[in-house]
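Text of final-v4.txt (compact mmCIF, C-alpha atoms) as supplied:
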```
# COMPACT_ATOMS: atom_id res chain seq x y z
CA MET N 12 -24.31 11.54 3.54
CA ARG N 13 -20.71 11.11 4.69
CA THR N 14 -18.60 7.97 4.98
CA ILE N 15 -16.24 8.21 7.95
CA ILE N 16 -13.53 5.62 8.54
CA HIS N 17 -11.69 6.02 11.85
CA ASP N 18 -9.45 4.26 14.36
CA LEU N 19 -10.48 6.26 17.45
CA ASN N 20 -11.22 4.79 20.84
CA GLU N 21 -14.63 5.36 22.38
CA ASN N 22 -13.59 8.42 24.45
CA ASN N 23 -12.16 10.34 21.51
CA LEU N 24 -15.00 9.32 19.22
CA LYS N 25 -17.50 10.77 21.69
CA LYS N 26 -15.98 14.26 21.23
CA LEU N 27 -16.98 14.40 17.56
CA LYS N 28 -20.35 15.41 16.20
CA PHE N 29 -21.91 13.33 13.47
CA ASN N 30 -24.96 13.73 11.29
CA LYS N 31 -27.86 11.33 11.48
CA ASN N 32 -27.20 9.71 8.12
CA ASP N 33 -23.38 9.51 8.41
CA LYS N 34 -21.95 6.04 7.83
CA ILE N 35 -19.36 5.60 10.59
CA ILE N 36 -16.91 2.75 10.23
CA ASN N 37 -14.72 1.73 13.14
CA ALA N 38 -11.57 0.29 11.58
CA LEU N 39 -10.53 -1.28 14.89
CA GLU N 40 -13.40 -3.75 14.47
CA CYS N 41 -12.28 -4.97 11.04
CA GLU N 42 -10.80 -8.47 11.19
CA ASN N 43 -10.34 -9.49 7.58
CA HIS N 44 -7.76 -7.89 5.32
CA CYS N 45 -7.48 -7.69 1.52
CA ILE N 46 -5.79 -10.78 0.08
CA GLY N 47 -5.32 -9.32 -3.40
CA CYS N 48 -7.85 -11.71 -5.00
CA PHE N 49 -9.47 -8.84 -7.02
CA SER N 50 -12.87 -10.49 -6.61
CA CYS N 51 -14.28 -6.99 -5.92
CA TRP N 52 -13.14 -6.10 -9.44
CA THR N 53 -13.60 -9.25 -11.46
CA LYS N 54 -16.28 -11.36 -9.78
CA HIS N 55 -18.71 -9.33 -7.66
CA PRO N 56 -18.05 -5.68 -8.56
CA THR N 57 -17.59 -3.41 -5.48
CA LYS N 58 -18.17 -6.28 -2.99
CA CYS N 59 -15.30 -7.74 -0.96
CA ILE N 60 -14.96 -11.52 -0.96
CA TYR N 61 -15.18 -11.52 2.84
CA GLN N 62 -18.81 -11.23 3.88
CA ASP N 63 -18.75 -9.13 7.03
CA ASN N 64 -19.67 -5.57 8.07
CA PHE N 65 -16.88 -4.21 5.87
CA SER N 66 -17.75 -5.96 2.61
CA ASN N 67 -19.73 -3.15 1.04
CA ILE N 68 -17.98 0.13 1.94
CA ALA N 69 -17.41 1.09 -1.71
CA SER N 70 -21.18 1.50 -2.11
CA TYR N 71 -21.38 3.72 1.03
CA ILE N 72 -18.69 5.96 -0.49
CA LYS N 73 -20.64 6.05 -3.74
CA ASP N 74 -23.70 7.35 -1.86
CA SER N 75 -21.67 9.98 0.05
CA ASN N 76 -20.65 13.50 -0.84
CA GLU N 77 -17.81 13.50 1.70
CA PHE N 78 -15.28 10.81 2.46
CA ILE N 79 -13.59 11.35 5.81
CA ILE N 80 -10.62 9.39 7.17
CA ILE N 81 -9.53 9.85 10.78
CA THR N 82 -6.25 8.07 11.47
CA ASP N 83 -3.30 7.77 13.78
CA ASN N 84 -0.03 8.79 12.09
CA LYS N 85 2.19 5.83 11.29
CA PHE N 86 5.38 6.98 9.56
CA GLY N 87 3.44 9.43 7.37
CA CYS N 88 0.84 6.82 6.46
CA PHE N 89 -2.59 5.68 7.66
CA SER N 90 -2.56 3.33 10.66
CA SER N 91 -2.60 -0.33 9.67
CA SER N 92 -6.19 -0.59 11.03
CA VAL N 93 -7.45 2.19 8.74
CA LYS N 94 -5.36 0.85 5.88
CA LYS N 95 -7.01 -2.57 6.29
CA VAL N 96 -10.43 -0.99 5.64
CA LEU N 97 -9.25 1.26 2.78
CA GLU N 98 -7.88 -1.73 0.88
CA ARG N 99 -11.31 -3.31 1.02
CA CYS N 100 -12.83 -0.27 -0.76
CA ILE N 101 -10.88 -0.50 -4.02
CA GLY N 102 -14.05 -1.61 -5.83
CA TYR N 103 -15.00 2.10 -5.73
CA VAL N 104 -12.88 2.41 -8.89
CA LEU N 105 -12.74 0.06 -11.88
CA PRO N 106 -9.85 -2.34 -12.54
CA TYR N 107 -9.34 -0.87 -16.03
CA PHE N 108 -6.54 1.58 -16.68
CA THR N 109 -6.72 5.06 -18.16
CA ILE N 110 -4.42 8.08 -18.40
CA ARG N 111 -5.15 10.88 -15.93
CA ASP N 112 -2.76 13.74 -15.04
CA ASN N 113 -0.26 12.25 -17.54
CA MET N 114 0.01 9.01 -15.59
CA ILE N 115 -1.83 5.70 -15.61
CA HIS N 116 -4.63 5.34 -13.06
CA HIS N 117 -7.70 3.17 -12.62
CA LYS N 118 -10.82 4.23 -14.50
CA LEU N 119 -13.55 5.70 -12.35
CA ARG N 120 -16.65 3.59 -11.73
CA TYR N 121 -18.79 6.59 -10.72
CA ASN N 122 -18.95 10.05 -12.21
CA LYS N 123 -18.89 12.10 -9.02
CA GLN N 124 -16.74 14.66 -7.19
CA LEU N 125 -16.28 13.47 -3.63
CA SER N 126 -14.71 15.70 -1.03
CA LEU N 127 -11.83 13.86 0.68
CA LYS N 128 -10.78 14.95 4.18
CA VAL N 129 -8.00 13.19 6.08
CA TYR N 130 -7.58 13.96 9.79
CA VAL N 131 -4.21 12.76 11.08
CA TYR N 132 -3.59 12.67 14.81
CA GLY N 133 -0.50 11.85 16.89
CA ASN N 134 3.05 13.19 16.92
CA ILE N 135 4.22 13.92 13.42
CA ASN N 136 7.46 15.32 11.98
CA LYS N 137 8.05 17.40 8.82
CA GLU N 138 8.91 14.41 6.61
CA GLU N 139 5.80 12.55 7.73
CA ILE N 140 3.62 15.59 6.96
CA MET N 141 5.14 15.67 3.46
CA SER N 142 4.41 11.96 2.99
CA PHE N 143 0.84 12.38 4.22
CA ASN N 144 0.17 15.32 1.93
CA ALA N 145 1.55 13.34 -1.02
CA LEU N 146 -0.50 10.29 -0.01
CA THR N 147 -3.73 12.31 0.31
CA ARG N 148 -3.12 13.86 -3.10
CA ALA N 149 -2.40 10.45 -4.67
CA VAL N 150 -5.58 8.96 -3.19
CA SER N 151 -7.61 11.94 -4.43
CA ILE N 152 -6.33 11.46 -7.99
CA ASN N 153 -7.16 7.77 -7.82
CA ILE N 154 -10.73 8.40 -6.69
CA GLY N 155 -11.10 11.22 -9.21
CA THR N 156 -11.56 14.20 -6.95
CA THR N 157 -9.90 17.60 -6.87
CA LYS N 158 -11.37 18.48 -3.47
CA TYR N 159 -9.04 17.11 -0.79
CA LYS N 160 -7.19 18.19 2.31
CA ALA N 161 -5.13 16.64 5.10
CA TYR N 162 -5.44 18.12 8.62
CA PHE N 163 -2.84 17.46 11.32
CA ILE N 164 -3.69 17.23 15.00
CA ASN N 165 -0.70 16.76 17.31
CA ASN N 166 -2.73 16.27 20.44
CA ILE N 167 -5.64 13.87 20.11
CA LYS N 168 -7.42 15.79 22.91
CA GLU N 169 -7.80 18.70 20.47
CA ILE N 170 -9.42 16.66 17.71
CA ASP N 171 -12.79 18.36 18.26
CA ASN N 172 -11.16 21.79 17.60
CA VAL N 173 -9.92 20.72 14.17
CA TYR N 174 -12.62 18.34 13.00
CA ILE N 175 -15.33 20.22 11.16
CA ASN N 176 -18.81 18.78 11.12
CA MET O 1 22.85 -13.31 7.21
CA TYR O 2 19.88 -11.85 5.33
CA THR O 3 16.19 -11.76 6.27
CA LEU O 4 14.06 -11.53 3.12
CA ILE O 5 10.42 -10.57 3.69
CA ASP O 6 7.72 -11.11 1.07
CA GLY O 7 5.10 -8.49 2.00
CA SER O 8 2.43 -9.73 -0.40
CA PRO O 9 -0.79 -11.06 1.15
CA LYS O 10 -1.36 -13.32 -1.87
CA LYS O 11 -1.38 -17.00 -1.08
CA GLN O 12 -0.22 -18.05 -4.53
CA GLN O 13 3.13 -17.05 -6.08
CA SER O 14 3.39 -13.27 -5.75
CA ASN O 15 5.48 -10.83 -7.76
CA SER O 16 7.23 -9.74 -4.55
CA LYS O 17 8.24 -13.36 -3.90
CA TYR O 18 9.56 -13.69 -7.46
CA PHE O 19 11.85 -10.68 -6.94
CA LEU O 20 13.11 -12.01 -3.61
CA GLU O 21 13.78 -15.46 -5.06
CA TYR O 22 15.81 -13.83 -7.83
CA ILE O 23 17.87 -11.91 -5.25
CA SER O 24 18.31 -14.97 -3.03
CA LYS O 25 20.16 -16.76 -5.86
CA HIS O 26 23.01 -14.27 -5.28
CA LEU O 27 23.16 -14.79 -1.51
CA ASP O 28 24.78 -17.48 0.64
CA GLU O 29 22.93 -17.30 3.90
CA TYR O 30 19.32 -16.15 4.02
CA HIS O 31 15.78 -16.90 5.13
CA ILE O 32 12.65 -15.92 3.17
CA TYR O 33 9.52 -15.18 5.16
CA ASN O 34 6.02 -14.46 3.98
CA ILE O 35 4.15 -11.63 5.70
CA ASN O 36 1.56 -14.17 6.88
CA ASN O 37 4.24 -15.82 9.06
CA ASN O 38 4.28 -15.12 12.76
CA TYR O 39 5.84 -11.66 13.26
CA LYS O 40 7.89 -12.89 16.22
CA LEU O 41 9.47 -15.54 14.02
CA ILE O 42 10.47 -12.83 11.54
CA LEU O 43 11.84 -10.62 14.32
CA ASP O 44 13.87 -13.52 15.78
CA ASN O 45 15.49 -14.04 12.40
CA ILE O 46 16.15 -10.32 11.98
CA LYS O 47 18.01 -10.36 15.30
CA GLN O 48 20.46 -12.88 13.85
CA SER O 49 20.81 -11.02 10.53
CA ASP O 50 22.64 -7.87 9.56
CA THR O 51 20.51 -7.12 6.48
CA ILE O 52 16.76 -6.99 5.80
CA VAL O 53 15.28 -7.03 2.29
CA LEU O 54 11.56 -6.21 2.12
CA ALA O 55 9.53 -6.61 -1.08
CA HIS O 56 5.92 -5.47 -1.06
CA PRO O 57 3.13 -4.45 -3.44
CA LEU O 58 1.61 -0.98 -3.65
CA TYR O 59 -1.98 -0.90 -2.36
CA VAL O 60 -3.83 2.46 -2.18
CA ASP O 61 -0.61 4.39 -2.93
CA SER O 62 1.19 3.04 0.14
CA PRO O 63 2.60 -0.19 1.61
CA ASN O 64 -0.13 -2.86 1.82
CA TYR O 65 -1.86 -3.49 5.16
CA SER O 66 0.16 -6.58 6.14
CA THR O 67 3.47 -4.84 5.43
CA LEU O 68 2.39 -1.77 7.39
CA SER O 69 1.28 -3.93 10.28
CA LEU O 70 4.69 -5.69 10.36
CA LEU O 71 6.48 -2.32 10.23
CA GLU O 72 4.44 -1.15 13.24
CA TYR O 73 5.41 -4.35 15.10
CA LEU O 74 9.11 -3.95 14.25
CA TYR O 75 9.00 -0.27 15.28
CA ASN O 76 7.61 -1.35 18.65
CA ASN O 77 10.67 -3.61 18.93
CA LYS O 78 13.04 -1.09 17.42
CA ASP O 79 15.91 -1.85 19.78
CA ARG O 80 16.15 -5.21 18.01
CA VAL O 81 16.06 -3.88 14.44
CA ALA O 82 18.25 -0.80 15.01
CA ASN O 83 21.43 -0.56 12.90
CA LYS O 84 20.40 -3.34 10.50
CA ASN O 85 20.83 -2.68 6.79
CA PHE O 86 17.52 -2.26 4.98
CA TYR O 87 16.69 -2.57 1.27
CA VAL O 88 13.19 -2.32 -0.19
CA ILE O 89 11.53 -3.37 -3.46
CA ILE O 90 8.10 -1.87 -4.16
CA ASN O 91 6.06 -2.97 -7.17
CA CYS O 92 2.82 -1.72 -8.65
CA GLY O 93 0.58 -2.74 -11.55
CA PHE O 94 0.80 0.65 -13.27
CA ARG O 95 3.39 1.01 -16.01
CA GLU O 96 5.32 3.80 -14.28
CA GLY O 97 7.55 2.98 -11.32
CA GLU O 98 7.09 6.57 -10.02
CA HIS O 99 3.75 5.55 -8.50
CA ASN O 100 5.79 3.86 -5.75
CA LEU O 101 7.49 7.07 -4.58
CA THR O 102 4.89 7.95 -1.91
CA ALA O 103 5.21 4.47 -0.40
CA LEU O 104 9.00 4.84 -0.48
CA SER O 105 8.81 8.08 1.52
CA ILE O 106 6.77 6.20 4.17
CA ILE O 107 9.36 3.40 4.26
CA LYS O 108 12.14 5.97 4.66
CA ASN O 109 10.27 7.61 7.57
CA TRP O 110 10.02 4.17 9.20
CA CYS O 111 13.77 3.59 8.74
CA THR O 112 14.63 6.94 10.35
CA LYS O 113 12.30 6.37 13.31
CA SER O 114 13.50 2.78 13.81
CA ASN O 115 17.20 3.70 13.50
CA VAL O 116 17.55 1.30 10.60
CA ASN O 117 20.24 1.90 7.93
CA TYR O 118 18.33 2.69 4.74
CA MET O 119 20.44 1.23 1.89
CA GLY O 120 18.34 1.81 -1.23
CA SER O 121 15.28 0.86 -3.22
CA LEU O 122 14.04 -0.65 -6.44
CA LEU O 123 10.68 0.79 -7.55
CA ILE O 124 9.08 -1.44 -10.17
CA GLY O 125 6.30 -0.44 -12.56
CA ALA O 126 4.30 -3.10 -14.43
CA GLY O 127 5.09 -5.54 -11.60
CA GLU O 128 2.53 -8.02 -12.96
CA ILE O 129 4.64 -8.38 -16.11
CA VAL O 130 8.15 -8.01 -14.69
CA GLY O 131 7.27 -10.57 -12.00
CA LYS O 132 6.42 -13.34 -14.48
CA PRO O 133 9.25 -15.44 -15.97
CA LYS O 134 7.26 -15.88 -19.22
CA TYR O 135 7.63 -12.15 -19.99
CA LYS O 136 11.34 -11.88 -19.28
CA LEU O 137 12.26 -11.11 -22.90
CA ILE O 138 10.26 -7.87 -22.88
CA CYS O 139 11.45 -6.91 -19.40
CA LYS O 140 15.19 -6.82 -20.05
CA LYS O 141 15.69 -3.33 -18.63
CA ALA O 142 13.73 -4.02 -15.46
CA LEU O 143 15.52 -7.32 -14.93
CA ASN O 144 18.87 -5.58 -15.47
CA ASN O 145 17.94 -3.16 -12.71
CA LEU O 146 16.99 -6.11 -10.51
CA LYS O 147 20.43 -7.59 -11.19
CA LEU O 148 22.15 -4.28 -10.30
CA PHE O 149 20.11 -4.04 -7.10
CA SER O 150 20.90 -7.69 -6.23
CA ASN O 151 24.63 -6.97 -6.55
CA CYS O 152 24.33 -4.03 -4.14
CA ILE O 153 22.51 -6.28 -1.67
CA LYS O 154 25.08 -9.05 -2.05
CA ASN O 155 27.97 -6.63 -1.43
CA LYS O 156 26.01 -4.71 1.25
CA GLU O 157 26.63 -1.50 -0.68
CA LEU O 158 24.46 1.59 -0.82
CA SER O 159 22.18 1.67 -3.85
CA LYS O 160 20.47 4.67 -5.39
CA ASP O 161 16.68 4.60 -5.63
CA ILE O 162 16.17 2.83 -8.96
CA ILE O 163 12.88 3.51 -10.77
CA THR O 164 11.90 0.96 -13.38
CA THR O 165 9.21 1.70 -15.97
CA MET O 166 8.06 -0.67 -18.69
CA ASP O 167 9.69 1.34 -21.50
CA LEU O 168 8.95 -1.07 -24.31
CA LEU O 169 5.30 0.02 -24.36
CA ASN O 170 3.89 3.54 -24.14
CA ASN O 171 1.07 4.42 -21.73
CA LYS O 172 -1.65 4.13 -24.34
CA ILE O 173 -0.65 0.65 -25.53
CA TYR O 174 -0.03 -0.51 -21.95
CA CYS O 175 -3.57 0.55 -20.94
CA LYS O 176 -5.02 -1.24 -23.95
CA LEU O 177 -3.20 -4.52 -23.18
CA ALA O 178 -3.92 -4.34 -19.44
CA ASN O 179 -7.63 -3.68 -20.06
CA LYS O 180 -7.78 -6.66 -22.42
CA SER O 181 -6.30 -8.81 -19.68
CA TRP O 182 -8.82 -7.47 -17.11
CA ASN O 183 -11.66 -8.33 -19.52
CA LYS O 184 -10.33 -11.87 -19.84
CA LYS O 185 -10.26 -12.26 -16.05
CA ILE O 186 -13.82 -10.91 -15.74
CA LYS O 187 -15.09 -13.24 -18.49
CA ARG O 188 -13.36 -16.24 -16.87
CA ASN O 189 -15.01 -15.45 -13.53
CA LYS O 190 -18.47 -15.23 -15.10
CA LYS O 191 -18.31 -18.85 -16.28
```
Starting from the coordinates I provided, produce the structure as structure tokens.
Amino acid sequence: MRTIIHDLNENNLKKLKFNKNDKIINALECENHCIGCFSCWTKHPTKCIYQDNFSNIASYIKDSNEFIIITDNKFGCFSSSVKKVLERCIGYVLPYFTIRDNMIHHKLRYNKQLSLKVYVYGNINKEEIMSFNALTRAVSINIGTTKYKAYFINNIKEIDNVYIN
Amino acid sequence: MYTLIDGSPKKQQSNSKYFLEYISKHLDEYHIYNINNNYKLILDNIKQSDTIVLAHPLYVDSPNYSTLSLLEYLYNNKDRVANKNFYVIINCGFREGEHNLTALSIIKNWCTKSNVNYMGSLLIGAGEIVGKPKYKLICKKALNNLKLFSNCIKNKELSKDIITTMDLLNNKIYCKLANKSWNKKIKRNKK
């Protein structure tokens, strides 16, 4: 199973092939954003305080072997729509701290090696590519995986050439 | 005039707000906005200001959603933010301020693309401790850096990127204390 979070419109989404059991999450449909209450850590582990279609994504990621993010480039970061969903998945890790790669990180809730793929579309300059590579690496350390890669697609029309099913 | 923006989505007193309130004590003319305010209201105030100070937390190794969303809005109105001075404070819960460097690179990219004058940053580790007045005795170094940064803002001078790490505790002890505090919160919520 794969968890795929994206901010594509219908036309671009149609170009991509998905597997039957993929969990596809359209970030453009997410209304509620994280309010930093940490309820998903301290009250109802993994579940967001907002009860909507996006309240349980951490458990989809847990059941996946691949975690795919498809996002518009915004200054070398995820689009705010994708970011809104990602912040509601922090229950995937534990609140507790530990030392990993010589720095403090959150402890892992699950003992698994996910593969993280980030597909970035839209115009992007050198500095933004550097930021995105650093961001992808940082996210991979935080979710405890060594398998990660960021792909850059300048022209959204070519997304189906880069995206690997 | 200064526009101070608290990027935290928290409804109660946030660490970002604490840092901005500290800075505001050194300024004559300013307005503090929370990120939950209407973006147009913030933009209108920016138009009348020459300096913007943004303070935001680190969520998923980058600026939090609300901050990012405001930055996208301001970029879409970049003719009205161009040439303003811009300072940023980023804080995270980890002990080491270096965790904020990826977010800083994103902020710098935004400044370049929006033609905003990037003036410097303060990257705070252990924001949950530094941001609470009750811990100020053990946060002397971080608060000194905040004072230095405030002076740069007051004088509209360039600041270097200042990284603040909670140096009184080592990583091992910091983890132990933080985990104790998380356990307390979890226990409290179970009642």
Could you work out which residues of chain O fall inside 8 Å of chain N? Count all atoms listed in the file, and format the result as a short mmCIF file (atom, residue, chain, number, x, y, z; two decimals) with C-alpha atoms, in the frame of the given file.
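Produced file selection-v4.cif, reproduced below:
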```
data_model
loop_
_atom_site.label_atom_id
_atom_site.label_comp_id
_atom_site.auth_asym_id
_atom_site.auth_seq_id
_atom_site.Cartn_x
_atom_site.Cartn_y
_atom_site.Cartn_z
CA PRO O 9 -0.79 -11.06 1.15
CA LYS O 10 -1.36 -13.32 -1.87
CA LYS O 11 -1.38 -17.00 -1.08
CA TYR O 59 -1.98 -0.90 -2.36
CA VAL O 60 -3.83 2.46 -2.18
CA ASP O 61 -0.61 4.39 -2.93
CA SER O 62 1.19 3.04 0.14
CA ASN O 64 -0.13 -2.86 1.82
CA TYR O 65 -1.86 -3.49 5.16
CA SER O 66 0.16 -6.58 6.14
CA LEU O 68 2.39 -1.77 7.39
CA SER O 69 1.28 -3.93 10.28
CA GLU O 72 4.44 -1.15 13.24
CA PHE O 94 0.80 0.65 -13.27
CA ARG O 95 3.39 1.01 -16.01
CA GLU O 96 5.32 3.80 -14.28
CA THR O 102 4.89 7.95 -1.91
CA SER O 105 8.81 8.08 1.52
CA ILE O 106 6.77 6.20 4.17
CA ILE O 107 9.36 3.40 4.26
CA ASN O 109 10.27 7.61 7.57
CA TRP O 110 10.02 4.17 9.20
CA LYS O 113 12.30 6.37 13.31
CA ASN O 171 1.07 4.42 -21.73
CA LYS O 172 -1.65 4.13 -24.34
CA CYS O 175 -3.57 0.55 -20.94
CA LYS O 176 -5.02 -1.24 -23.95
CA ALA O 178 -3.92 -4.34 -19.44
CA ASN O 179 -7.63 -3.68 -20.06
CA TRP O 182 -8.82 -7.47 -17.11
CA LYS O 185 -10.26 -12.26 -16.05
CA ILE O 186 -13.82 -10.91 -15.74
CA ASN O 189 -15.01 -15.45 -13.53
CA LYS O 190 -18.47 -15.23 -15.10
#
```
Q | Residue neighbourhood range 131-135 of chain O, 10 Å, all atoms listed in the file, exclusion window fewer than 2 positions, as a PyMOL selection string | A | chain O and resi 13-19+91+124+126-129+137-140+142-143
Q: Would you kindly identify which residues have an atom no farther than 12 Å from (-19.2, -5.0, 2.3), using only C-alpha atoms and the file's own coordinates, and write them out as a PyMOL selection string?
A: chain N and resi 36+41+43+51+55-72+96-103
Q | Atomic separation - CA of Thr82 in chain N relative to CA of Lys25 in chain N, Å | A |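 One can read the CA of Lys25 in chain N to CA of Thr82 in chain N distance as 15.4 Å.
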Q: Skip Asn122 in chain N itself and residues of its chain fewer than 2 positions away, then list as an MDAnalysis selection string all residues within 10 Å of it, counting all atoms listed in the file.
A: chainID N and resid 73 119:120 124:125 155:156
How about saving the chosen residues, C-alpha atoms kept, as an mmCIF file, in the frame of the given file?
```
data_model
loop_
_atom_site.group_PDB
_atom_site.id
_atom_site.type_symbol
_atom_site.label_atom_id
_atom_site.label_comp_id
_atom_site.auth_asym_id
_atom_site.auth_seq_id
_atom_site.Cartn_x
_atom_site.Cartn_y
_atom_site.Cartn_z
ATOM 1 C CA LYS N 73 -20.640 6.050 -3.740
ATOM 2 C CA LEU N 119 -13.550 5.700 -12.350
ATOM 3 C CA ARG N 120 -16.650 3.590 -11.730
ATOM 4 C CA GLN N 124 -16.740 14.660 -7.190
ATOM 5 C CA LEU N 125 -16.280 13.470 -3.630
ATOM 6 C CA GLY N 155 -11.100 11.220 -9.210
ATOM 7 C CA THR N 156 -11.560 14.200 -6.950
#
```
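The coordinates place CA of Leu123 in chain O at 28.7 Å from CA of Tyr162 in chain N.
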Q: Using only C-alpha atoms, determine which residues lie at most 8 Å from Thr157 in chain N, disregarding the query and same-chain residues fewer than 4 positions distant; provide the list as a ChimeraX atom specification.
A: /N:124,126,151-152
Q: Using CA of Lys147 in chain O and CA of Ile35 in chain O as the two end points, give the distance in Å to one decimal.
A: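 If I compute the distance from CA of Lys147 in chain O to CA of Ile35 in chain O, I get 23.8 Å.
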Q) From the set N:Ile81, N:Val104, N:Met12, N:Asp74, which residue has the shortest atom-to-atom contact distance to Asn37 in chain N, counting all atoms listed in the file? A)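 Looking at the shortest contact to Asn37 in chain N, the residue is N:Ile81.
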(Q) So that I can check the surroundings of Gln48 in chain O, please list as JSON, numbers by chain every protein, DNA and RNA residue that reaches within 12 Å of it, counting only C-alpha atoms and ignoring chain neighbours fewer than 3 positions away. (A) {"O": [1, 2, 3, 29, 30, 31, 41, 42, 43, 44, 45, 51, 52, 80, 81, 84]}
Q) Which one is closest to Pro63 in chain O: O:Ser8, O:Ser181, O:Asn36, O:Asn77? Count all atoms listed in the file. A)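 Selected residue with least distance to Pro63 in chain O: O:Ser8.
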With N, CA, C and O atoms as the goal, would you fill in the gaps in range 58-69 of chain N and present it as a short mmCIF file (atom, residue, chain, number, x, y, z; two decimals), keeping the file's coordinate frame?
```
data_model
loop_
_atom_site.label_atom_id
_atom_site.label_comp_id
_atom_site.auth_asym_id
_atom_site.auth_seq_id
_atom_site.Cartn_x
_atom_site.Cartn_y
_atom_site.Cartn_z
N LYS N 58 -18.01 -5.51 -4.25
CA LYS N 58 -18.17 -6.28 -2.99
C LYS N 58 -16.92 -7.09 -2.66
O LYS N 58 -16.39 -7.81 -3.50
N CYS N 59 -16.48 -6.99 -1.41
CA CYS N 59 -15.30 -7.74 -0.96
C CYS N 59 -15.69 -9.21 -0.80
O CYS N 59 -16.82 -9.53 -0.46
N ILE N 60 -14.71 -10.08 -1.05
CA ILE N 60 -14.96 -11.52 -0.96
C ILE N 60 -15.33 -11.95 0.46
O ILE N 60 -16.08 -12.89 0.68
N TYR N 61 -14.83 -11.23 1.46
CA TYR N 61 -15.18 -11.52 2.84
C TYR N 61 -16.54 -10.91 3.15
O TYR N 61 -16.73 -9.70 3.02
N GLN N 62 -17.47 -11.72 3.55
CA GLN N 62 -18.81 -11.23 3.88
C GLN N 62 -18.87 -10.86 5.36
O GLN N 62 -19.10 -11.71 6.21
N ASP N 63 -18.63 -9.61 5.66
CA ASP N 63 -18.75 -9.13 7.03
C ASP N 63 -19.25 -7.68 6.97
O ASP N 63 -19.69 -7.23 5.91
N ASN N 64 -19.16 -6.95 8.06
CA ASN N 64 -19.67 -5.57 8.07
C ASN N 64 -18.88 -4.61 7.18
O ASN N 64 -19.23 -3.45 7.04
N PHE N 65 -17.77 -5.09 6.65
CA PHE N 65 -16.88 -4.21 5.87
C PHE N 65 -16.87 -4.58 4.38
O PHE N 65 -16.03 -4.12 3.64
N SER N 66 -17.81 -5.42 3.97
CA SER N 66 -17.75 -5.96 2.61
C SER N 66 -18.31 -5.00 1.56
O SER N 66 -18.09 -5.19 0.37
N ASN N 67 -19.01 -3.96 2.02
CA ASN N 67 -19.73 -3.15 1.04
C ASN N 67 -19.45 -1.64 1.17
O ASN N 67 -20.31 -0.82 0.84
N ILE N 68 -18.27 -1.29 1.65
CA ILE N 68 -17.98 0.13 1.94
C ILE N 68 -17.93 0.96 0.66
O ILE N 68 -18.32 2.13 0.66
N ALA N 69 -17.49 0.34 -0.44
CA ALA N 69 -17.41 1.09 -1.71
C ALA N 69 -18.78 1.69 -2.05
O ALA N 69 -18.86 2.82 -2.55
#
```
